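Peer 1: Next comes data_23.csv, CSV, C-alpha atoms:
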chain,number,residue,atom,x,y,z
A,1,MET,CA,31.3,-0.1,9.4
A,2,THR,CA,30.4,3.0,7.4
A,3,ARG,CA,27.7,5.4,8.5
A,4,LYS,CA,24.2,4.6,7.2
A,5,ILE,CA,23.2,7.1,4.6
A,6,ALA,CA,19.7,6.0,3.6
A,7,GLY,CA,16.5,4.6,5.1
A,8,SER,CA,15.7,7.5,7.4
A,9,LYS,CA,11.9,7.1,6.6
A,10,ARG,CA,11.4,10.8,6.2
A,11,LYS,CA,8.3,11.6,4.3
A,12,ASN,CA,8.3,14.0,1.4
A,13,THR,CA,5.0,15.7,1.9
A,14,ASN,CA,5.8,18.6,-0.5
A,15,SER,CA,5.9,16.4,-3.6
A,16,ALA,CA,3.6,17.4,-6.4
A,17,LEU,CA,2.2,14.3,-8.1
A,18,LYS,CA,1.6,14.3,-11.9
A,19,HIS,CA,-0.4,11.8,-13.8
A,20,VAL,CA,1.7,11.5,-16.9
A,21,ALA,CA,-0.3,9.2,-19.2
A,22,HIS,CA,-2.5,6.1,-19.4
A,23,ALA,CA,-3.1,3.4,-22.0
A,24,ALA,CA,-4.5,-0.1,-22.5
A,25,LEU,CA,-2.0,-2.8,-21.6
A,26,PRO,CA,-3.1,-6.4,-22.6
A,27,SER,CA,-0.8,-9.0,-21.1
A,28,LYS,CA,-0.6,-12.8,-20.6
A,29,PHE,CA,-2.1,-12.2,-17.2
A,30,GLY,CA,-5.1,-10.2,-18.4
A,31,LYS,CA,-6.1,-6.8,-19.6
A,32,PHE,CA,-4.9,-3.8,-17.6
A,33,THR,CA,-4.7,-0.1,-17.9
A,34,ILE,CA,-1.2,1.2,-17.4
A,35,HIS,CA,-0.8,4.6,-15.8
A,36,GLY,CA,2.4,6.7,-15.3
A,37,PHE,CA,3.0,9.0,-12.4
A,38,ALA,CA,5.9,11.3,-11.5
A,39,GLY,CA,6.8,13.6,-8.6
A,40,HIS,CA,9.7,15.9,-8.0
A,41,GLY,CA,11.9,13.9,-5.6
A,42,PRO,CA,14.5,11.2,-6.3
A,43,MET,CA,13.0,7.9,-7.5
A,44,GLU,CA,9.5,9.5,-7.5
A,45,GLU,CA,8.2,7.7,-10.5
A,46,ALA,CA,5.7,4.9,-10.6
A,47,VAL,CA,3.8,2.7,-13.1
A,48,ALA,CA,0.4,1.4,-12.0
A,49,LEU,CA,-1.3,-1.5,-13.7
A,50,VAL,CA,-5.0,-1.2,-12.9
A,51,ARG,CA,-8.1,-3.4,-13.2
A,52,GLY,CA,-11.7,-2.8,-12.2
A,53,LYS,CA,-13.4,-0.2,-10.1
A,54,LEU,CA,-11.0,1.0,-7.4
A,55,ASN,CA,-13.4,2.9,-5.3
A,56,GLY,CA,-16.2,0.4,-5.2
A,57,LYS,CA,-17.5,-1.5,-2.2
A,58,ALA,CA,-14.8,-4.1,-2.2
A,59,ALA,CA,-11.3,-2.9,-1.5
A,60,PRO,CA,-8.9,-3.5,-4.5
A,61,LEU,CA,-6.1,-6.0,-4.2
A,62,VAL,CA,-2.8,-4.0,-4.3
A,63,ARG,CA,0.8,-5.1,-4.8
A,64,ILE,CA,3.5,-2.5,-4.4
A,65,HIS,CA,6.5,-4.0,-6.2
A,66,SER,CA,10.1,-2.7,-6.2
A,67,GLN,CA,11.9,-2.9,-9.5
A,68,CYS,CA,14.5,-5.7,-9.6
A,69,LEU,CA,16.3,-5.9,-12.9
A,70,THR,CA,18.2,-9.1,-12.0
A,71,GLY,CA,15.0,-10.9,-10.9
A,72,ASP,CA,12.2,-9.4,-12.9
A,73,VAL,CA,14.0,-9.2,-16.2
A,74,LEU,CA,17.0,-11.5,-16.0
A,75,ALA,CA,15.2,-14.3,-14.0
A,76,SER,CA,17.8,-14.4,-11.2
A,77,LEU,CA,17.3,-17.1,-8.6
A,78,ARG,CA,19.1,-15.0,-5.9
A,79,CYS,CA,15.7,-13.4,-4.9
A,80,ASP,CA,12.0,-14.1,-5.1
A,81,CYS,CA,11.2,-10.8,-6.9
A,82,ARG,CA,10.1,-12.3,-10.3
A,83,ALA,CA,8.1,-15.0,-8.6
A,84,GLN,CA,6.3,-12.4,-6.5
A,85,LEU,CA,5.7,-10.2,-9.5
A,86,GLU,CA,4.0,-12.9,-11.6
A,87,TYR,CA,2.1,-14.3,-8.6
A,88,SER,CA,0.7,-10.8,-7.9
A,89,LEU,CA,-0.3,-10.2,-11.5
A,90,LYS,CA,-2.2,-13.5,-11.5
A,91,LYS,CA,-3.9,-12.7,-8.3
A,92,ILE,CA,-4.9,-9.2,-9.3
A,93,ALA,CA,-6.2,-10.4,-12.7
A,94,LYS,CA,-8.6,-12.7,-10.9
A,95,ALA,CA,-9.7,-10.1,-8.3
A,96,PRO,CA,-12.7,-7.8,-8.9
A,97,SER,CA,-10.3,-4.9,-8.9
A,98,GLY,CA,-6.7,-4.3,-8.2
A,99,ILE,CA,-3.4,-2.4,-8.8
A,100,LEU,CA,0.1,-3.4,-9.3
A,101,LEU,CA,2.3,-0.4,-8.5
A,102,TYR,CA,5.8,-0.8,-9.9
A,103,LEU,CA,8.5,1.5,-8.4
A,104,PRO,CA,12.2,2.2,-9.2
A,105,GLN,CA,13.4,1.1,-5.8
A,106,GLU,CA,16.2,-1.3,-7.0
A,107,GLY,CA,18.0,-3.1,-4.2
A,108,ARG,CA,15.5,-2.1,-1.5
A,109,GLY,CA,16.1,1.6,-2.5
A,110,ILE,CA,19.9,1.7,-2.9
A,111,GLY,CA,20.0,1.6,-6.7
A,112,LEU,CA,21.3,-1.0,-9.2
A,113,MET,CA,25.0,-0.4,-9.1
A,114,ASN,CA,25.0,-0.5,-5.3
A,115,LYS,CA,22.9,-3.6,-5.4
A,116,LEU,CA,25.6,-5.3,-7.6
A,117,ARG,CA,28.2,-4.2,-5.0
A,118,ALA,CA,26.1,-5.8,-2.4
A,119,TYR,CA,25.9,-9.0,-4.4
A,120,GLU,CA,29.7,-9.0,-4.5
A,121,LEU,CA,29.8,-8.8,-0.7
A,122,GLN,CA,27.1,-11.6,-0.5
A,123,ASP,CA,29.3,-13.8,-2.6
A,124,GLY,CA,32.0,-13.3,0.1
A,125,GLY,CA,29.6,-14.6,2.8
A,126,MET,CA,27.4,-11.7,3.9
A,127,ASP,CA,23.6,-11.8,3.9
A,128,THR,CA,21.5,-9.1,2.2
A,129,VAL,CA,21.2,-7.0,5.4
A,130,GLU,CA,24.9,-7.2,6.3
A,131,ALA,CA,25.9,-6.3,2.7
A,132,ASN,CA,23.6,-3.2,2.6
A,133,GLU,CA,24.9,-2.0,5.9
A,134,GLU,CA,28.5,-2.6,5.0
A,135,LEU,CA,28.0,-0.3,2.1
A,136,GLY,CA,26.6,2.4,4.4
A,137,PHE,CA,22.9,1.9,3.7
A,138,ALA,CA,20.0,0.8,5.9
A,139,ALA,CA,18.9,-2.8,5.5
A,140,ASP,CA,15.8,-1.4,3.7
A,141,ALA,CA,15.9,2.2,2.4
A,142,ARG,CA,12.5,2.2,0.8
A,143,GLU,CA,9.8,4.7,1.7
A,144,TYR,CA,6.1,4.5,0.7
A,145,ASP,CA,4.6,7.9,1.1
A,146,PHE,CA,4.9,8.5,-2.7
A,147,SER,CA,3.1,5.1,-3.2
A,148,ALA,CA,0.3,6.3,-0.9
A,149,GLN,CA,0.0,9.5,-3.0
A,150,VAL,CA,-0.4,7.5,-6.2
A,151,LEU,CA,-3.0,5.2,-4.6
A,152,LYS,CA,-5.0,8.2,-3.4
A,153,GLN,CA,-4.9,9.7,-6.9
A,154,LEU,CA,-6.2,6.5,-8.3
A,155,GLY,CA,-9.0,6.5,-5.8
A,156,ALA,CA,-7.8,3.6,-3.7
A,157,ARG,CA,-7.8,4.8,-0.1
A,158,LYS,CA,-8.9,1.4,1.3
A,159,ILE,CA,-6.9,-1.6,0.0
A,160,ARG,CA,-6.1,-5.3,0.5
A,161,LEU,CA,-2.3,-5.4,0.3
A,162,LEU,CA,-0.3,-8.3,-1.2
A,163,SER,CA,2.7,-8.2,1.0
A,164,ASN,CA,4.7,-10.1,3.7
A,165,ASN,CA,6.3,-6.8,5.0
A,166,PRO,CA,4.7,-5.3,8.1
A,167,GLU,CA,6.7,-2.1,7.6
A,168,LYS,CA,5.0,-1.5,4.2
A,169,VAL,CA,1.7,-1.8,6.0
A,170,ARG,CA,2.8,0.6,8.7
A,171,GLN,CA,4.1,3.3,6.3
A,172,LEU,CA,1.0,3.2,4.1
A,173,GLU,CA,-1.4,3.5,7.0
A,174,SER,CA,0.7,6.4,8.4
A,175,SER,CA,0.3,8.1,5.0
A,176,GLY,CA,-3.5,7.8,5.0
A,177,ILE,CA,-4.1,4.5,3.2
A,178,ARG,CA,-6.3,2.0,5.1
A,179,VAL,CA,-5.0,-1.5,4.8
A,180,VAL,CA,-8.1,-3.6,5.6
A,181,GLN,CA,-6.2,-6.9,4.9
A,182,ARG,CA,-2.7,-8.0,4.5
A,183,VAL,CA,-2.7,-10.8,1.9
A,184,PRO,CA,0.4,-13.1,2.0
A,185,CYS,CA,2.6,-12.9,-1.2
A,186,GLN,CA,4.6,-16.1,-1.0
A,187,PRO,CA,4.8,-18.0,-4.3
A,188,ARG,CA,7.0,-21.1,-4.6
A,189,VAL,CA,10.7,-20.1,-4.7
A,190,SER,CA,13.9,-21.9,-5.6
A,191,ARG,CA,16.2,-23.7,-3.2
A,192,ILE,CA,18.8,-21.1,-4.1
A,193,SER,CA,16.8,-18.2,-2.7
A,194,ARG,CA,15.9,-19.9,0.6
A,195,ALA,CA,18.7,-18.2,2.5
A,196,TYR,CA,17.6,-14.8,1.1
A,197,MET,CA,14.1,-15.5,2.3
A,198,ALA,CA,15.2,-16.6,5.7
A,199,THR,CA,17.1,-13.3,6.1
A,200,LYS,CA,14.0,-11.3,5.3
A,201,LYS,CA,12.1,-13.3,7.9
A,202,GLU,CA,14.7,-13.3,10.7
A,203,LYS,CA,16.3,-9.9,10.3
A,204,MET,CA,13.6,-7.8,8.7
A,205,GLY,CA,10.4,-9.1,10.3
A,206,HIS,CA,8.8,-10.3,7.1
A,207,ILE,CA,5.9,-12.8,7.7
A,208,LEU,CA,6.9,-15.9,5.9
A,209,GLY,CA,5.9,-19.5,6.5
A,210,GLY,CA,7.6,-22.8,5.5
A,211,LEU,CA,11.2,-21.6,6.1
Would you write out, as structure tokens, the structure that this file holds?

Peer 2:
Amino acid sequence: MTRKIAGSKRKNTNSALKHVAHAALPSKFGKFTIHGFAGHGPMEEAVALVRGKLNGKAAPLVRIHSQCLTGDVLASLRCDCRAQLEYSLKKIAKAPSGILLYLPQEGRGIGLMNKLRAYELQDGGMDTVEANEELGFAADAREYDFSAQVLKQLGARKIRLLSNNPEKVRQLESSGIRVVQRVPCQPRVSRISRAYMATKKEKMGHILGGL
């Protein structure tokens, strides 16, 4: 087993956040405003789709979604990423206010090429956690301090979070975001992705029912 080289959960508190641009973004899910943000660290970029008044009385509904080329774009059935993305956009479109924050954290933070290497190991019998660790990474190398910075700049310091991941809640709250409610994000998924989902539940502590 190689040494883990990611996932230390260190916060980058020195990052300077820049609001790059914003524009109208009509979609099949509804009308959003798209915002671009950039910092100085690796993978410190984010796109935010925003609806409604974010600092109003009701906490906005927020989804922090990690980029998944194979799922989001190529409609892979190995994971539930595209299903979660579309489910979240539908929910946010119906809420009084909300944000979908889209981050370049492919493969739980290990990058696209390493994710494909992990897929190859999974085809040989490993689960997602075992494959990441065999490559020398943590099971989940993502950090959410940059996400918290973006939410604060948007005026969303108190949120309802669409997530099954308790670690995401913990990190956001430690970075100054108050998560007043964790809203389950569990759309229907394919039979093919059930083993993937079971690994998230059993080895990563994700809160998932019906498995």

Peer 1: Considering all atoms listed in the file, give me a table of residues in range 113-170 of chain A that are at most 9 Å from range 90-105 of chain A, with the closest atom pair and distance in Å for each, as JSON lines.

Peer 2:
{"residue": "A:Ala141", "atom": "CA", "partner": "A:Gln105", "partner_atom": "CA", "distance": 8.6}
{"residue": "A:Arg142", "atom": "CA", "partner": "A:Gln105", "partner_atom": "CA", "distance": 6.8}
{"residue": "A:Ser147", "atom": "CA", "partner": "A:Leu101", "partner_atom": "CA", "distance": 7.7}
{"residue": "A:Val150", "atom": "CA", "partner": "A:Leu101", "partner_atom": "CA", "distance": 8.7}
{"residue": "A:Leu151", "atom": "CA", "partner": "A:Leu101", "partner_atom": "CA", "distance": 8.6}
{"residue": "A:Ile159", "atom": "CA", "partner": "A:Gly98", "partner_atom": "CA", "distance": 8.6}
{"residue": "A:Arg160", "atom": "CA", "partner": "A:Gly98", "partner_atom": "CA", "distance": 8.8}

Peer 1: I need the chosen residues saved as a CSV table (one decimal), in the frame of the given file, with C-alpha atoms.

Peer 2:
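The resulting file, selection-v5.csv, is shown below:
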chain,number,residue,atom,x,y,z
A,141,ALA,CA,15.9,2.2,2.4
A,142,ARG,CA,12.5,2.2,0.8
A,147,SER,CA,3.1,5.1,-3.2
A,150,VAL,CA,-0.4,7.5,-6.2
A,151,LEU,CA,-3.0,5.2,-4.6
A,159,ILE,CA,-6.9,-1.6,0.0
A,160,ARG,CA,-6.1,-5.3,0.5

Peer 1: Skipping near chain neighbours, those fewer than 5 positions away, what residues fall within 12 Å of Leu116 in chain A using only C-alpha atoms, listed as a PyMOL selection string?

Peer 2: chain A and resi 68-70+78+106-107+110-111+121-123+128+131-132+135

Peer 1: Considering all atoms listed in the file, can you say which of A:Cys79, A:Val179, A:Leu85, A:Leu154 comes closest to Ile34 in chain A?

Peer 2: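 Among the listed residues, A:Leu154 lies closest to Ile34 in chain A.
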
Peer 1: Leaving out Gly205 in chain A and any residue of its chain fewer than 2 positions from it, which residues lie within 10 Å of it when counting all atoms listed in the file, given as an MDAnalysis selection string?

Peer 2: chainID A and resid 164:167 199:203 207:208

Peer 1: Measuring between only C-alpha atoms, which one of A:Leu162, A:Leu17, A:Ala139, A:Leu77 shows the shortest distance to Arg188 in chain A?

Peer 2: A:Leu77

Peer 1: Using all atoms listed in the file, which protein or nucleic acid residues come within 10 Å of Lys152 in chain A? Drop anything in the same chain fewer than 5 positions from it, and give the result as a PyMOL selection string.

Peer 2: chain A and resi 146-147+157-158+175-177

Peer 1: Check the smallest atom-to-atom distance from each of A:Gln171, A:Ser76, A:Ser163, A:Gln153 to Ser190 in chain A using all atoms listed in the file, then report the winner.

Peer 2: A:Ser76

Peer 1: Measuring between only C-alpha atoms, which one of A:Ala24, A:Leu61, A:Met126, A:Lys18 shows the shortest distance to Phe37 in chain A?

Peer 2: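 Among the listed residues, A:Lys18 lies closest to Phe37 in chain A.
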
Peer 1: Report, in Å to a single decimal, how far apart CA of Asp80 in chain A and CA of Gln186 in chain A are.

Peer 2: 8.7 Å

Peer 1: As an exercise, work out the distance from CA of Lys31 in chain A to CA of Arg51 in chain A in Å and give it to one decimal place.

Peer 2: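 Here the two named atoms are 7.5 Å from each other.
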
Peer 1: Please measure the separation of CA of Ser88 in chain A and CA of Pro187 in chain A, giving the value in Å to one decimal.

Peer 2: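 According to the coordinates, CA of Ser88 in chain A and CA of Pro187 in chain A are separated by 9.0 Å.
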
Peer 1: Which is closest to Asp127 in chain A among A:Tyr196, A:Cys81, A:Val50, A:Phe32, if we use all atoms listed in the file?

Peer 2: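 Nearest to Asp127 in chain A: A:Tyr196.
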
Peer 1: My list of candidates is A:Gly155, A:Gly136, A:Gly36, A:Gly41. Which is closest to Ala16 in chain A when distances are computed with only C-alpha atoms?

Peer 2: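 Nearest to Ala16 in chain A: A:Gly41.
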
Peer 1: Generate the missing atoms of range 133-168 of chain A up to N, CA and C atoms and report them as a tab-separated table (two decimals), in the frame of the given file.

Peer 2:
chain	number	residue	atom	x	y	z
A	133	GLU	N	24.32	-2.82	4.86
A	133	GLU	CA	24.90	-2.00	5.90
A	133	GLU	C	26.37	-1.80	5.79
A	134	GLU	N	27.07	-2.78	5.26
A	134	GLU	CA	28.50	-2.60	5.00
A	134	GLU	C	28.76	-1.51	4.01
A	135	LEU	N	27.84	-1.33	3.06
A	135	LEU	CA	28.00	-0.30	2.10
A	135	LEU	C	27.52	1.09	2.59
A	136	GLY	N	27.00	1.13	3.81
A	136	GLY	CA	26.60	2.40	4.40
A	136	GLY	C	25.12	2.70	4.30
A	137	PHE	N	24.33	1.71	3.88
A	137	PHE	CA	22.90	1.90	3.70
A	137	PHE	C	22.13	1.19	4.83
A	138	ALA	N	20.87	1.57	4.99
A	138	ALA	CA	20.00	0.80	5.90
A	138	ALA	C	19.67	-0.53	5.22
A	139	ALA	N	19.23	-1.48	6.03
A	139	ALA	CA	18.90	-2.80	5.50
A	139	ALA	C	17.76	-2.64	4.45
A	140	ASP	N	16.85	-1.70	4.67
A	140	ASP	CA	15.80	-1.40	3.70
A	140	ASP	C	15.59	0.09	3.67
A	141	ALA	N	15.99	0.72	2.55
A	141	ALA	CA	15.90	2.20	2.40
A	141	ALA	C	14.68	2.69	1.75
A	142	ARG	N	13.70	1.83	1.55
A	142	ARG	CA	12.50	2.20	0.80
A	142	ARG	C	11.53	3.04	1.68
A	143	GLU	N	10.84	3.97	1.03
A	143	GLU	CA	9.80	4.70	1.70
A	143	GLU	C	8.52	4.62	0.80
A	144	TYR	N	7.34	4.74	1.45
A	144	TYR	CA	6.10	4.50	0.70
A	144	TYR	C	5.10	5.61	0.75
A	145	ASP	N	5.55	6.81	1.13
A	145	ASP	CA	4.60	7.90	1.10
A	145	ASP	C	4.25	8.28	-0.36
A	146	PHE	N	5.21	8.21	-1.29
A	146	PHE	CA	4.90	8.50	-2.70
A	146	PHE	C	3.91	7.42	-3.21
A	147	SER	N	4.09	6.17	-2.82
A	147	SER	CA	3.10	5.10	-3.20
A	147	SER	C	1.74	5.44	-2.71
A	148	ALA	N	1.65	5.94	-1.48
A	148	ALA	CA	0.30	6.30	-0.90
A	148	ALA	C	-0.29	7.43	-1.73
A	149	GLN	N	0.52	8.41	-2.16
A	149	GLN	CA	0.00	9.50	-3.00
A	149	GLN	C	-0.60	8.98	-4.29
A	150	VAL	N	0.10	8.03	-4.92
A	150	VAL	CA	-0.40	7.50	-6.20
A	150	VAL	C	-1.70	6.71	-5.93
A	151	LEU	N	-1.75	5.91	-4.89
A	151	LEU	CA	-3.00	5.20	-4.60
A	151	LEU	C	-4.16	6.11	-4.36
A	152	LYS	N	-3.92	7.19	-3.64
A	152	LYS	CA	-5.00	8.20	-3.40
A	152	LYS	C	-5.47	8.79	-4.71
A	153	GLN	N	-4.53	9.13	-5.60
A	153	GLN	CA	-4.90	9.70	-6.90
A	153	GLN	C	-5.73	8.77	-7.72
A	154	LEU	N	-5.43	7.48	-7.59
A	154	LEU	CA	-6.20	6.50	-8.30
A	154	LEU	C	-7.54	6.19	-7.67
A	155	GLY	N	-7.77	6.70	-6.49
A	155	GLY	CA	-9.00	6.50	-5.80
A	155	GLY	C	-9.04	5.29	-4.87
A	156	ALA	N	-7.85	4.75	-4.56
A	156	ALA	CA	-7.80	3.60	-3.70
A	156	ALA	C	-7.24	3.95	-2.34
A	157	ARG	N	-8.13	4.40	-1.49
A	157	ARG	CA	-7.80	4.80	-0.10
A	157	ARG	C	-7.95	3.65	0.87
A	158	LYS	N	-8.63	2.61	0.44
A	158	LYS	CA	-8.90	1.40	1.30
A	158	LYS	C	-8.45	0.22	0.41
A	159	ILE	N	-7.49	-0.57	0.88
A	159	ILE	CA	-6.90	-1.60	0.00
A	159	ILE	C	-6.72	-2.92	0.79
A	160	ARG	N	-6.61	-4.00	0.00
A	160	ARG	CA	-6.10	-5.30	0.50
A	160	ARG	C	-4.66	-5.35	-0.09
A	161	LEU	N	-3.67	-5.50	0.77
A	161	LEU	CA	-2.30	-5.40	0.30
A	161	LEU	C	-1.62	-6.75	0.24
A	162	LEU	N	-1.11	-7.06	-0.96
A	162	LEU	CA	-0.30	-8.30	-1.20
A	162	LEU	C	1.09	-8.01	-0.70
A	163	SER	N	1.42	-8.48	0.48
A	163	SER	CA	2.70	-8.20	1.00
A	163	SER	C	3.02	-9.09	2.24
A	164	ASN	N	4.30	-9.37	2.45
A	164	ASN	CA	4.70	-10.10	3.70
A	164	ASN	C	5.44	-9.11	4.63
A	165	ASN	N	5.46	-7.83	4.28
A	165	ASN	CA	6.30	-6.80	5.00
A	165	ASN	C	5.44	-5.93	5.88
A	166	PRO	N	5.49	-6.14	7.20
A	166	PRO	CA	4.70	-5.30	8.10
A	166	PRO	C	5.07	-3.81	8.03
A	167	GLU	N	6.32	-3.50	7.70
A	167	GLU	CA	6.70	-2.10	7.60
A	167	GLU	C	6.03	-1.39	6.46
A	168	LYS	N	5.78	-2.11	5.38
A	168	LYS	CA	5.00	-1.50	4.20
A	168	LYS	C	3.62	-1.17	4.68
